[in-house]
file entry_12.txt (compact mmCIF, C-alpha atoms and all ligand atoms)
# COMPACT_ATOMS: atom_id res chain seq x y z
CA MET Y 1 114.75 150.27 145.38
CA THR Y 2 114.26 147.74 148.15
CA PHE Y 3 110.68 147.59 149.30
CA GLN Y 4 109.21 146.51 152.61
CA ASN Y 5 105.89 144.87 153.27
CA SER Y 6 104.76 147.21 156.04
CA ILE Y 7 102.18 149.91 156.48
CA GLU Y 8 104.84 152.43 157.59
CA PHE Y 9 106.90 151.80 154.47
CA ALA Y 10 103.85 152.09 152.19
CA ARG Y 11 102.80 155.35 153.85
CA GLY Y 12 106.34 156.63 153.44
CA LEU Y 13 106.11 156.03 149.68
CA ASP Y 14 102.79 157.86 149.57
CA ALA Y 15 104.28 160.78 151.45
CA GLN Y 16 107.06 161.11 148.83
CA ASP Y 17 104.68 160.66 145.89
CA SER Y 18 104.17 163.91 143.95
CA LEU Y 19 100.99 162.47 142.36
CA SER Y 20 99.35 161.44 145.64
CA LYS Y 21 97.24 164.60 145.66
CA TYR Y 22 95.39 163.39 142.55
CA ARG Y 23 93.74 160.61 144.52
CA ASP Y 24 91.50 163.31 145.97
CA GLU Y 25 90.41 164.28 142.48
CA PHE Y 26 88.48 161.01 142.10
CA HIS Y 27 85.29 159.52 143.47
CA PHE Y 28 85.88 156.09 145.03
CA PRO Y 29 83.13 153.50 145.44
CA GLN Y 30 82.59 152.61 149.10
CA VAL Y 31 82.42 149.27 150.89
CA ALA Y 32 81.48 149.39 154.58
CA GLY Y 33 81.95 153.17 154.57
CA LYS Y 34 85.52 153.00 153.24
CA ASP Y 35 87.10 153.75 149.87
CA VAL Y 36 87.61 150.52 147.97
CA ILE Y 37 91.02 149.39 146.75
CA TYR Y 38 90.31 149.89 143.07
CA PHE Y 39 92.18 147.65 140.63
CA THR Y 40 89.90 147.90 137.60
CA GLY Y 41 90.99 151.18 136.07
CA ASN Y 42 92.00 149.02 133.08
CA SER Y 43 88.32 148.23 132.60
CA LEU Y 44 86.52 151.38 133.78
CA GLY Y 45 88.54 154.26 135.23
CA LEU Y 46 87.12 156.08 138.25
CA GLN Y 47 85.16 159.28 137.89
CA PRO Y 48 87.22 162.48 138.24
CA LYS Y 49 85.43 164.99 140.45
CA ARG Y 50 85.98 167.73 137.88
CA THR Y 51 84.02 165.80 135.22
CA ARG Y 52 80.62 166.95 136.48
CA LYS Y 53 81.56 170.60 135.97
CA TYR Y 54 82.36 169.94 132.30
CA ILE Y 55 79.08 168.14 131.73
CA ASP Y 56 77.16 170.84 133.62
CA GLU Y 57 78.71 173.48 131.41
CA VAL Y 58 77.30 171.78 128.31
CA MET Y 59 73.91 171.27 129.97
CA THR Y 60 73.76 174.94 130.95
CA ASP Y 61 74.78 176.14 127.49
CA TRP Y 62 72.16 173.90 125.91
CA GLN Y 63 69.55 175.09 128.42
CA GLN Y 64 70.29 178.77 127.82
CA LEU Y 65 71.30 178.86 124.17
CA GLY Y 66 69.59 175.97 122.42
CA VAL Y 67 70.96 175.58 118.91
CA GLU Y 68 73.03 178.76 119.30
CA GLY Y 69 75.35 176.74 121.52
CA HIS Y 70 76.98 175.36 118.37
CA PHE Y 71 78.69 178.73 117.92
CA HIS Y 72 78.15 180.66 121.14
CA ALA Y 73 78.59 178.17 123.94
CA GLU Y 74 81.39 178.69 126.47
CA LYS Y 75 83.22 176.06 124.41
CA PRO Y 76 81.38 176.11 121.07
CA TRP Y 77 80.16 172.68 120.03
CA TRP Y 78 80.92 172.84 116.32
CA ASP Y 79 84.67 172.52 116.94
CA TYR Y 80 84.57 171.21 120.53
CA HIS Y 81 86.30 167.97 119.48
CA GLU Y 82 89.36 169.89 118.36
CA ARG Y 83 90.14 170.73 121.98
CA LEU Y 84 90.86 167.06 122.61
CA ALA Y 85 93.30 166.60 119.76
CA GLU Y 86 96.37 168.24 121.23
CA PRO Y 87 96.31 166.64 124.70
CA LEU Y 88 95.66 163.27 123.06
CA ALA Y 89 98.46 163.83 120.56
CA ASN Y 90 100.82 164.26 123.51
CA ILE Y 91 99.61 161.02 125.06
CA VAL Y 92 99.94 158.85 121.95
CA GLY Y 93 102.94 160.54 120.33
CA ALA Y 94 101.31 162.26 117.36
CA SER Y 95 100.50 165.66 115.90
CA PRO Y 96 97.05 167.07 116.65
CA GLU Y 97 95.96 166.75 113.01
CA GLU Y 98 96.57 162.99 113.21
CA ILE Y 99 93.97 162.64 115.99
CA CYS Y 100 90.20 162.66 116.04
CA VAL Y 101 87.78 161.75 118.82
CA MET Y 102 84.71 160.03 117.45
CA ASN Y 103 82.38 157.04 117.84
CA THR Y 104 83.49 154.09 119.96
CA LEU Y 105 86.47 151.80 119.66
CA THR Y 106 85.17 148.80 117.71
CA VAL Y 107 83.18 151.10 115.46
CA ASN Y 108 86.34 153.07 114.72
CA LEU Y 109 88.31 149.92 113.95
CA HIS Y 110 85.63 149.03 111.40
CA PHE Y 111 85.86 152.50 109.85
CA LEU Y 112 89.66 152.37 109.76
CA MET Y 113 89.60 148.91 108.18
CA VAL Y 114 87.67 150.44 105.28
CA SER Y 115 90.72 152.59 104.60
CA PHE Y 116 93.56 150.33 105.63
CA TYR Y 117 92.45 146.81 104.80
CA ARG Y 118 92.09 146.70 101.05
CA PRO Y 119 92.81 143.10 100.11
CA THR Y 120 93.99 142.21 96.63
CA LYS Y 121 94.30 138.76 95.03
CA LYS Y 122 97.92 138.61 96.10
CA ARG Y 123 97.99 140.65 99.31
CA PHE Y 124 95.08 139.79 101.58
CA LYS Y 125 96.31 138.29 104.85
CA ILE Y 126 95.99 139.82 108.31
CA ILE Y 127 98.27 139.08 111.25
CA CYS Y 128 96.76 139.38 114.70
CA GLU Y 129 97.52 137.89 118.10
CA GLU Y 130 95.96 134.61 119.16
CA LYS Y 131 93.00 135.09 121.51
CA ALA Y 132 92.72 138.79 120.75
CA PHE Y 133 90.03 140.69 122.65
CA PRO Y 134 86.74 139.16 121.43
CA SER Y 135 85.40 142.39 119.94
CA ASP Y 136 88.55 142.66 117.81
CA GLN Y 137 88.13 139.06 116.66
CA TYR Y 138 84.49 139.67 115.70
CA MET Y 139 85.49 142.87 113.94
CA LEU Y 140 88.24 141.13 111.95
CA HIS Y 141 86.11 138.12 111.02
CA SER Y 142 83.23 140.26 109.83
CA GLN Y 143 85.51 142.58 107.85
CA VAL Y 144 87.09 139.62 106.08
CA LYS Y 145 83.68 138.17 105.27
CA PHE Y 146 82.52 141.59 104.08
CA HIS Y 147 85.24 141.38 101.42
CA GLY Y 148 83.91 137.94 100.40
CA LEU Y 149 86.96 136.18 101.84
CA ASP Y 150 87.36 133.26 104.19
CA PRO Y 151 88.63 134.18 107.70
CA ASP Y 152 90.43 130.81 107.94
CA GLU Y 153 92.55 131.72 104.92
CA VAL Y 154 93.05 135.36 105.80
CA LEU Y 155 93.65 135.57 109.53
CA VAL Y 156 97.07 134.48 110.73
CA GLU Y 157 97.34 134.34 114.50
CA VAL Y 158 100.65 134.71 116.29
CA LYS Y 159 100.63 132.14 119.04
CA LYS Y 160 102.23 131.98 122.45
CA ARG Y 161 104.79 129.20 122.75
CA GLU Y 162 103.70 125.87 124.16
CA GLY Y 163 103.36 126.10 127.95
CA GLU Y 164 104.14 129.83 128.04
CA ASN Y 165 101.96 132.80 128.92
CA ILE Y 166 103.58 135.42 126.70
CA TRP Y 167 104.27 136.25 123.07
CA HIS Y 168 107.85 136.57 121.84
CA THR Y 169 108.60 139.56 119.61
CA GLU Y 170 110.79 137.36 117.41
CA ASP Y 171 107.81 135.06 116.78
CA VAL Y 172 105.71 138.00 115.62
CA LEU Y 173 108.51 139.24 113.36
CA GLU Y 174 109.08 135.77 111.97
CA LYS Y 175 105.38 135.41 111.16
CA ILE Y 176 105.38 138.79 109.40
CA ASN Y 177 108.34 137.79 107.25
CA GLU Y 178 106.86 134.37 106.56
CA VAL Y 179 103.58 135.84 105.26
CA GLY Y 180 105.65 138.49 103.45
CA ASP Y 181 104.08 139.88 100.29
CA GLU Y 182 100.75 138.24 101.05
CA LEU Y 183 100.47 140.40 104.15
CA ALA Y 184 97.94 143.23 103.86
CA LEU Y 185 97.65 144.24 107.51
CA VAL Y 186 99.04 143.73 110.99
CA LEU Y 187 96.51 144.57 113.70
CA ILE Y 188 97.33 143.73 117.31
CA GLY Y 189 96.34 145.01 120.74
CA GLY Y 190 99.33 147.11 121.85
CA VAL Y 191 98.90 145.95 125.45
CA ASN Y 192 97.24 142.57 125.75
CA TYR Y 193 94.11 142.78 127.87
CA TYR Y 194 94.57 139.34 129.43
CA ASN Y 195 98.23 139.06 130.44
CA GLY Y 196 99.09 142.77 130.43
CA GLN Y 197 101.99 142.28 128.01
CA VAL Y 198 103.22 145.30 126.06
CA PHE Y 199 104.07 144.39 122.47
CA ASP Y 200 107.21 145.84 120.90
CA MET Y 201 105.20 148.16 118.70
CA LYS Y 202 108.24 149.81 117.16
CA SER Y 203 109.87 146.61 115.89
CA ILE Y 204 106.60 145.02 114.83
CA THR Y 205 105.52 148.13 112.93
CA ASN Y 206 108.91 148.28 111.25
CA ALA Y 207 108.71 144.67 110.17
CA GLY Y 208 105.16 145.08 108.86
CA LYS Y 209 106.09 148.17 106.85
CA ALA Y 210 109.20 146.44 105.51
CA VAL Y 211 107.09 143.76 103.81
CA GLY Y 212 104.69 146.38 102.46
CA ALA Y 213 101.76 145.88 104.84
CA ASN Y 214 99.70 148.42 106.75
CA VAL Y 215 100.13 148.33 110.51
CA GLY Y 216 97.44 149.34 112.99
CA TRP Y 217 97.20 149.05 116.76
CA ASP Y 218 94.28 148.66 119.11
CA LEU Y 219 95.39 150.80 122.04
CA ALA Y 220 92.48 150.14 124.43
CA HIS Y 221 94.87 149.08 127.21
CA ALA Y 222 97.75 151.28 126.08
CA ALA Y 223 96.40 154.84 125.86
CA GLY Y 224 97.07 156.67 129.10
CA ASN Y 225 99.06 153.69 130.37
CA ILE Y 226 102.31 153.37 128.42
CA GLU Y 227 104.60 155.56 126.37
CA LEU Y 228 103.48 155.72 122.74
CA LYS Y 229 105.21 157.26 119.72
CA LEU Y 230 102.77 156.41 116.97
CA ASN Y 231 104.08 158.91 114.46
CA GLU Y 232 107.75 158.18 115.07
CA TRP Y 233 107.11 154.44 114.86
CA ASN Y 234 105.47 154.96 111.46
CA VAL Y 235 102.21 153.34 112.56
CA ASP Y 236 99.49 153.70 109.92
CA PHE Y 237 96.50 153.92 112.19
CA ALA Y 238 95.33 153.23 115.73
CA SER Y 239 92.30 153.55 117.92
CA TRP Y 240 91.57 153.39 121.64
CA CYS Y 241 88.71 153.84 124.07
CA SER Y 242 88.49 156.56 126.68
CA TYR Y 243 86.89 154.72 129.56
CA LYS Y 244 89.77 152.50 130.71
CA TYR Y 245 92.96 154.35 131.73
CA MET Y 246 91.50 157.59 130.38
CA ASN Y 247 88.72 157.85 132.99
CA SER Y 248 86.07 159.34 130.72
CA GLY Y 249 83.04 157.29 131.70
CA PRO Y 250 81.32 154.06 130.68
CA GLY Y 251 81.20 153.43 126.94
CA ASN Y 252 82.52 156.89 126.20
CA ALA Y 253 83.95 158.20 122.93
CA SER Y 254 87.01 156.71 121.28
CA GLY Y 255 90.04 158.32 119.67
CA ILE Y 256 91.71 157.54 116.35
CA PHE Y 257 95.18 158.16 114.97
CA VAL Y 258 95.83 158.31 111.25
CA ASN Y 259 99.42 158.86 110.21
CA LYS Y 260 100.12 162.20 108.54
CA LYS Y 261 101.39 160.49 105.42
CA HIS Y 262 97.84 159.32 104.65
CA LEU Y 263 96.14 162.65 105.27
CA SER Y 264 96.80 164.18 101.88
CA ASP Y 265 95.81 161.04 99.97
CA LYS Y 266 92.64 162.14 98.24
CA ASN Y 267 91.94 158.64 96.95
CA ILE Y 268 91.97 156.76 100.19
CA PRO Y 269 88.68 154.88 100.50
CA ARG Y 270 86.70 155.98 103.51
CA PHE Y 271 83.13 156.06 104.77
CA GLU Y 272 82.32 159.75 104.83
CA GLY Y 273 79.89 162.14 106.46
CA TRP Y 274 79.38 165.86 106.86
CA TRP Y 275 81.66 166.28 109.87
CA GLY Y 276 84.60 165.03 107.84
CA THR Y 277 84.36 167.69 105.17
CA ASN Y 278 86.29 170.96 105.33
CA LYS Y 279 84.78 172.95 108.18
CA LYS Y 280 85.17 176.23 106.31
CA THR Y 281 82.70 175.12 103.66
CA ARG Y 282 80.71 172.54 105.66
CA PHE Y 283 77.69 174.73 106.20
CA LEU Y 284 77.44 175.71 102.56
CA MET Y 285 75.87 172.25 102.28
CA LYS Y 286 77.64 171.53 98.99
CA PRO Y 287 77.32 168.11 97.39
CA GLU Y 288 81.11 167.51 97.18
CA PHE Y 289 83.12 166.15 100.07
CA GLU Y 290 86.32 168.07 100.74
CA PRO Y 291 88.68 166.09 102.99
CA THR Y 292 90.35 168.19 105.66
CA GLU Y 293 93.93 166.85 105.60
CA SER Y 294 93.44 165.79 109.19
CA ALA Y 295 92.07 162.71 110.92
CA ASP Y 296 88.82 164.67 111.16
CA SER Y 297 88.11 163.46 107.61
CA TRP Y 298 87.18 160.12 109.18
CA GLN Y 299 84.61 161.79 111.41
CA VAL Y 300 81.19 160.96 110.05
CA SER Y 301 78.65 162.62 112.31
CA ASN Y 302 78.53 165.71 114.46
CA PRO Y 303 80.09 164.51 117.70
CA PRO Y 304 78.27 163.84 120.98
CA ILE Y 305 79.30 166.84 123.07
CA LEU Y 306 78.05 165.25 126.29
CA SER Y 307 80.59 162.48 125.69
CA LEU Y 308 83.41 164.81 124.75
CA ALA Y 309 82.98 166.89 127.92
CA PRO Y 310 84.11 164.18 130.38
CA TYR Y 311 86.89 163.19 128.00
CA LEU Y 312 88.15 166.78 127.96
CA ALA Y 313 87.99 166.97 131.76
CA SER Y 314 90.13 163.86 132.01
CA LEU Y 315 92.61 165.00 129.37
CA GLU Y 316 93.16 168.20 131.28
CA MET Y 317 94.43 166.14 134.19
CA PHE Y 318 96.75 164.13 131.92
CA SER Y 319 98.12 167.40 130.51
CA GLU Y 320 98.78 168.76 134.01
CA ILE Y 321 100.73 165.67 135.00
CA GLY Y 322 102.29 164.52 131.72
CA MET Y 323 102.90 160.91 130.75
CA PRO Y 324 106.52 160.77 132.01
CA ALA Y 325 105.50 161.46 135.63
CA LEU Y 326 102.59 159.07 135.35
CA ILE Y 327 104.80 156.33 133.93
CA GLU Y 328 107.40 156.85 136.64
CA LYS Y 329 104.80 156.29 139.36
CA ARG Y 330 103.25 153.45 137.40
CA ASN Y 331 106.53 151.58 137.35
CA LYS Y 332 107.07 152.11 141.04
CA ILE Y 333 103.58 151.24 142.26
CA THR Y 334 103.33 148.22 139.95
CA GLY Y 335 106.73 147.13 141.21
CA TYR Y 336 105.52 147.54 144.76
CA LEU Y 337 102.41 145.47 144.07
CA GLU Y 338 104.59 142.77 142.51
CA PHE Y 339 106.80 142.80 145.61
CA ILE Y 340 103.78 142.55 147.93
CA LEU Y 341 102.44 139.61 145.90
CA GLN Y 342 105.80 137.84 146.12
CA GLU Y 343 105.98 138.41 149.87
CA ILE Y 344 102.46 137.08 150.40
CA ALA Y 345 103.20 134.07 148.15
CA LYS Y 346 106.11 133.21 150.46
CA GLU Y 347 103.97 133.57 153.57
CA VAL Y 348 101.16 131.36 152.25
CA ASN Y 349 103.48 129.00 150.40
CA GLY Y 350 102.57 129.43 146.73
CA SER Y 351 98.92 129.58 145.66
CA PHE Y 352 99.38 131.94 142.71
CA GLU Y 353 101.76 133.16 140.02
CA ILE Y 354 102.13 136.45 138.11
CA ILE Y 355 101.79 135.75 134.37
CA THR Y 356 102.54 139.31 133.23
CA PRO Y 357 106.01 139.69 131.68
CA ASN Y 358 108.41 142.54 132.46
CA ASP Y 359 107.32 144.32 129.28
CA ARG Y 360 104.25 145.63 131.00
CA GLY Y 361 102.26 148.72 131.81
CA CYS Y 362 100.18 149.05 134.89
CA GLN Y 363 98.51 145.64 135.00
CA LEU Y 364 99.55 142.46 136.75
CA SER Y 365 97.61 139.32 135.89
CA VAL Y 366 97.70 136.73 138.63
CA PHE Y 367 96.99 133.09 137.88
CA LEU Y 368 95.54 131.28 140.90
CA HIS Y 369 96.59 127.73 141.72
CA GLY Y 370 94.25 125.70 143.89
CA HIS Y 371 91.84 128.61 144.32
CA ASP Y 372 88.82 129.62 142.33
CA LYS Y 373 86.36 132.44 142.15
CA THR Y 374 85.61 132.16 145.89
CA LEU Y 375 88.91 133.94 146.56
CA PHE Y 376 87.90 136.68 144.15
CA ASN Y 377 84.55 136.93 145.92
CA TYR Y 378 86.33 137.18 149.26
CA LEU Y 379 88.35 140.13 147.94
CA MET Y 380 85.19 141.85 146.70
CA GLU Y 381 83.48 141.40 150.06
CA ASN Y 382 86.48 142.93 151.79
CA GLY Y 383 86.69 146.17 149.91
CA VAL Y 384 88.86 145.23 146.92
CA ILE Y 385 87.65 145.56 143.32
CA PRO Y 386 89.84 143.39 141.09
CA ASP Y 387 88.63 141.72 137.93
CA TRP Y 388 88.13 138.11 137.10
CA ARG Y 389 88.96 136.41 133.80
CA GLU Y 390 88.20 132.79 133.10
CA PRO Y 391 89.55 130.30 133.82
CA ASN Y 392 91.50 131.45 136.87
CA VAL Y 393 93.02 134.88 136.46
CA ILE Y 394 92.69 137.95 138.63
CA ARG Y 395 93.75 141.15 136.92
CA LEU Y 396 95.10 143.97 139.08
CA ALA Y 397 95.74 147.45 137.71
CA PRO Y 398 97.25 149.80 140.31
CA VAL Y 399 96.43 152.96 138.35
CA PRO Y 400 99.05 155.59 139.24
CA LEU Y 401 96.59 158.50 139.06
CA TYR Y 402 94.54 157.38 142.02
CA CYS Y 403 95.90 154.23 143.68
CA SER Y 404 98.13 154.56 146.73
CA TYR Y 405 101.02 152.49 148.00
CA GLU Y 406 99.01 151.95 151.17
CA ASP Y 407 96.32 150.35 148.96
CA MET Y 408 98.93 147.83 147.82
CA TYR Y 409 99.96 146.98 151.37
CA ARG Y 410 96.34 146.64 152.55
CA PHE Y 411 95.49 144.51 149.53
CA GLY Y 412 98.31 142.12 150.42
CA GLN Y 413 96.90 141.66 153.92
CA ILE Y 414 93.39 141.00 152.61
CA LEU Y 415 94.69 138.55 149.99
CA LYS Y 416 96.67 136.66 152.60
CA ALA Y 417 93.66 136.42 154.93
CA GLY Y 418 91.53 135.19 152.03
CA ILE Y 419 93.99 132.48 151.07
CA LEU Y 420 94.52 131.35 154.66
CA ALA Y 421 90.74 131.19 155.20
CA GLU Y 422 90.54 128.63 152.37
CA LYS Y 423 93.42 126.44 153.55
C1 LIG Y 501 88.12 147.23 125.98
C2 LIG Y 501 88.50 146.76 124.62
C3 LIG Y 501 87.62 146.91 123.55
C4 LIG Y 501 86.25 147.48 123.77
O1 LIG Y 501 85.65 147.93 122.58
P1 LIG Y 501 84.40 148.90 122.60
O2 LIG Y 501 84.09 149.06 121.18
O3 LIG Y 501 84.82 150.16 123.29
O4 LIG Y 501 83.29 148.25 123.38
C5 LIG Y 501 88.04 146.51 122.29
N1 LIG Y 501 89.27 145.97 122.11
C6 LIG Y 501 90.14 145.82 123.14
C7 LIG Y 501 91.49 145.23 122.90
C8 LIG Y 501 89.76 146.19 124.42
O5 LIG Y 501 90.60 146.00 125.44

call {"tool": "encode", "arguments": {"input": "entry_12.txt", "output": "structure tokens", "more": "lines below"}}
Ligand SMILES: *Cc1c(COP(=O)(O)O)cnc(C)c1O
result
Amino acid sequence: MTFQNSIEFARGLDAQDSLSKYRDEFHFPQVAGKDVIYFTGNSLGLQPKRTRKYIDEVMTDWQQLGVEGHFHAEKPWWDYHERLAEPLANIVGASPEEICVMNTLTVNLHFLMVSFYRPTKKRFKIICEEKAFPSDQYMLHSQVKFHGLDPDEVLVEVKKREGENIWHTEDVLEKINEVGDELALVLIGGVNYYNGQVFDMKSITNAGKAVGANVGWDLAHAAGNIELKLNEWNVDFASWCSYKYMNSGPGNASGIFVNKKHLSDKNIPRFEGWWGTNKKTRFLMKPEFEPTESADSWQVSNPPILSLAPYLASLEMFSEIGMPALIEKRNKITGYLEFILQEIAKEVNGSFEIITPNDRGCQLSVFLHGHDKTLFNYLMENGVIPDWREPNVIRLAPVPLYCSYEDMYRFGQILKAGILAEK
């Protein structure tokens, strides 16, 4: 499609957009009495208006039923989490029994490492991407040290090539084959948080499995953003947070995926608690743990219902729309933003470059040349919320659920004015 950098053209795209009505389902922060242009749905998704109703329902049940809410609430609490499994399974490409919502993302990665990183004398290395999200780095380092090993000997980082901003799939595959039978685990962020690159999860998982390693993915920037087929790709485990593209509120509950093939393994090491044992016998308070043959076996505590409620509200919206429609708009609106950026770059003669490759989801990372955080501040003051990453990168996520094509056009005009003001 050929785009145009004009308000009429942008409004025309909005008029044809079957998802445009969902914009009204969200609360937008205001600057000078107007909705902001919100680009940080990759960091904290906006609040769906229907979320409050779901939380209120739990508050009312608790108010009126007390402990009886566990079994007699509108949506009983004891198995409330199960309602999230199917919609999430559709989003990540899994069966409901492979999914559990619990804890938070880094916590879940730690729990999953207990099961899927079991170093031996021969097989102990972990492949990850260079400059992984800091929490993942801390998690990996501390796990390695927990096993009494040295992170410098265990962690093998796949690097970007000299002078480039992206990873090459062949470099990841080569590293996997090079480490070979010393490789215990591959754990990478499926969509890189910094440059927005989508890793070829299918090929990388294949290569990891072929040398006998476990393969896990951190899907913080992938869930609700890109197409995932975790089961089909033979991924061992994955986890994601719910507050980025999944719009479930700050710090809210995380989801895990554990491949079916591991669910009947009675000997898999795991940190266990009462919410992981068979629910049919849970309240008999027996001393033995009975795994459930579902990812629920990894659930340690009774889940925080007030966190699950907003997650369920959000998932309902994803189920209504479906990932294919969301991805179709994502491609188009991200393409439109890219076009707008290129047009503005011509008009102001350079000043920035997009470092996100074509294997991307919703995010474009823009590296500024000759500008610094004052340009970012200018955007913020003029009703745009982007995000800033050191040293010089602005990340823009035109989330298809609630961003409009007109937003993209207006952003271009504000960006241009900001750059010209500094020249
Ligand atoms: C956002 C993000 C996290 C955040 O972890 P929490 O435990 O939810 O605070 C972790 N890893 C990656 C790759 C992320 O993008």

call {"tool": "closest_atom_pairs", "arguments": {"input": "entry_12.txt", "of": "stretch 154-182 of chain Y", "to": "stretch 199-207 of chain Y", "cutoff": "8 Å", "atoms": "all atoms listed in the file", "output": "CSV"}}
result
residue,atom,partner,partner_atom,distance
Y:Thr169,CA,Y:Asp200,CA,6.6
Y:Val172,CA,Y:Ile204,CA,7.1
Y:Leu173,CA,Y:Ile204,CA,6.3
Y:Ile176,CA,Y:Ala207,CA,6.8
Y:Asn177,CA,Y:Ala207,CA,7.5

call {"tool": "closest_atom_pairs", "arguments": {"input": "entry_12.txt", "of": "chain Y", "to": "ligand LIG 501 (chain Y)", "cutoff": "7 Å", "atoms": "all atoms listed in the file", "output": "tab-separated table"}}
result
residue	atom	partner	partner_atom	distance
Y:Ser43	CA	Y:LIG501	C1	6.7
Y:Thr104	CA	Y:LIG501	O2	5.2
Y:Leu105	CA	Y:LIG501	O2	3.9
Y:Thr106	CA	Y:LIG501	O2	3.6
Y:Val107	CA	Y:LIG501	O2	6.1
Y:Ala132	CA	Y:LIG501	C7	6.9
Y:Phe133	CA	Y:LIG501	C7	4.8
Y:Ser135	CA	Y:LIG501	C5	5.4
Y:Asp136	CA	Y:LIG501	N1	5.5
Y:Gly189	CA	Y:LIG501	C7	5.3
Y:Asn192	CA	Y:LIG501	C7	6.9
Y:Tyr193	CA	Y:LIG501	O5	5.3
Y:Asp218	CA	Y:LIG501	C7	5.8
Y:Leu219	CA	Y:LIG501	C7	6.9
Y:Ala220	CA	Y:LIG501	O5	4.7
Y:His221	CA	Y:LIG501	O5	5.6
Y:Cys241	CA	Y:LIG501	O3	5.4
Y:Gly251	CA	Y:LIG501	O3	6.1

call {"tool": "write_last_selection", "arguments": {"input": "entry_12.txt", "atoms": "C-alpha atoms", "output": "PDB file, keeping the file's coordinate frame"}}
result
ATOM      1  CA  SER Y  43      88.320 148.230 132.600  1.00  0.00           C
ATOM      2  CA  THR Y 104      83.490 154.090 119.960  1.00  0.00           C
ATOM      3  CA  LEU Y 105      86.470 151.800 119.660  1.00  0.00           C
ATOM      4  CA  THR Y 106      85.170 148.800 117.710  1.00  0.00           C
ATOM      5  CA  VAL Y 107      83.180 151.100 115.460  1.00  0.00           C
ATOM      6  CA  ALA Y 132      92.720 138.790 120.750  1.00  0.00           C
ATOM      7  CA  PHE Y 133      90.030 140.690 122.650  1.00  0.00           C
ATOM      8  CA  SER Y 135      85.400 142.390 119.940  1.00  0.00           C
ATOM      9  CA  ASP Y 136      88.550 142.660 117.810  1.00  0.00           C
ATOM     10  CA  GLY Y 189      96.340 145.010 120.740  1.00  0.00           C
ATOM     11  CA  ASN Y 192      97.240 142.570 125.750  1.00  0.00           C
ATOM     12  CA  TYR Y 193      94.110 142.780 127.870  1.00  0.00           C
ATOM     13  CA  ASP Y 218      94.280 148.660 119.110  1.00  0.00           C
ATOM     14  CA  LEU Y 219      95.390 150.800 122.040  1.00  0.00           C
ATOM     15  CA  ALA Y 220      92.480 150.140 124.430  1.00  0.00           C
ATOM     16  CA  HIS Y 221      94.870 149.080 127.210  1.00  0.00           C
ATOM     17  CA  CYS Y 241      88.710 153.840 124.070  1.00  0.00           C
ATOM     18  CA  GLY Y 251      81.200 153.430 126.940  1.00  0.00           C
TER      19      GLY Y 251
END

call {"tool": "atom_distance", "arguments": {"input": "entry_12.txt", "atom1": "atom CA of Y:Pro76", "atom2": "atom CA of Y:Ile305"}}
result
9.7 Å

call {"tool": "atom_distance", "arguments": {"input": "entry_12.txt", "atom1": "atom CA of Y:Gln16", "atom2": "atom CA of Y:Asn331"}}
result
14.9 Å

call {"tool": "residues_around", "arguments": {"input": "entry_12.txt", "residues": "stretch 394-400 of chain Y", "least_positions_apart": "2", "cutoff": "6 Å", "atoms": "all atoms listed in the file", "output": "MDAnalysis selection string"}}
result
chainID Y and resid 39:40 329:330 362:366 386:388 402:403

call {"tool": "residues_near_point", "arguments": {"input": "entry_12.txt", "point": "(94.8, 155.5, 119.9)", "cutoff": "7 Å", "atoms": "all atoms listed in the file", "output": "PyMOL selection string"}}
result
chain Y and resi 92+218-219+223+238-240+255-257

call {"tool": "residues_around", "arguments": {"input": "entry_12.txt", "residues": "Y:Leu312", "least_positions_apart": "5", "cutoff": "10 Å", "atoms": "all atoms listed in the file", "output": "PDB file with C-alpha atoms, keeping the file's coordinate frame"}}
result
ATOM      1  CA  THR Y  51      84.020 165.800 135.220  1.00  0.00           C
ATOM      2  CA  TYR Y  54      82.360 169.940 132.300  1.00  0.00           C
ATOM      3  CA  ILE Y  55      79.080 168.140 131.730  1.00  0.00           C
ATOM      4  CA  TYR Y  80      84.570 171.210 120.530  1.00  0.00           C
ATOM      5  CA  HIS Y  81      86.300 167.970 119.480  1.00  0.00           C
ATOM      6  CA  ARG Y  83      90.140 170.730 121.980  1.00  0.00           C
ATOM      7  CA  LEU Y  84      90.860 167.060 122.610  1.00  0.00           C
ATOM      8  CA  ALA Y  85      93.300 166.600 119.760  1.00  0.00           C
ATOM      9  CA  PRO Y  87      96.310 166.640 124.700  1.00  0.00           C
ATOM     10  CA  LEU Y  88      95.660 163.270 123.060  1.00  0.00           C
ATOM     11  CA  SER Y 248      86.070 159.340 130.720  1.00  0.00           C
ATOM     12  CA  SER Y 307      80.590 162.480 125.690  1.00  0.00           C
ATOM     13  CA  MET Y 317      94.430 166.140 134.190  1.00  0.00           C
ATOM     14  CA  PHE Y 318      96.750 164.130 131.920  1.00  0.00           C
TER      15      PHE Y 318
END

call {"tool": "atom_distance", "arguments": {"input": "entry_12.txt", "atom1": "atom CA of Y:Gln137", "atom2": "atom CA of Y:Leu112"}}
result
15.1 Å

call {"tool": "residues_around", "arguments": {"input": "entry_12.txt", "residues": "Y:Asp24", "least_positions_apart": "6", "cutoff": "12 Å", "atoms": "only C-alpha atoms", "output": "list in words"}}
result
Asp35, Leu46, Gln47, Pro48, Lys49, Arg50, Leu401, Tyr402, Cys403 and Ser404 of chain Y

call {"tool": "closest_atom_pairs", "arguments": {"input": "entry_12.txt", "of": "stretch 60-150 of chain Y", "to": "stretch 260-272 of chain Y", "cutoff": "7 Å", "atoms": "only C-alpha atoms", "output": "JSON lines"}}
result
{"residue": "Y:Glu98", "atom": "CA", "partner": "Y:Lys260", "partner_atom": "CA", "distance": 5.9}
{"residue": "Y:Phe111", "atom": "CA", "partner": "Y:Phe271", "partner_atom": "CA", "distance": 6.8}
{"residue": "Y:Val114", "atom": "CA", "partner": "Y:Arg270", "partner_atom": "CA", "distance": 5.9}
{"residue": "Y:Ser115", "atom": "CA", "partner": "Y:Pro269", "partner_atom": "CA", "distance": 5.1}
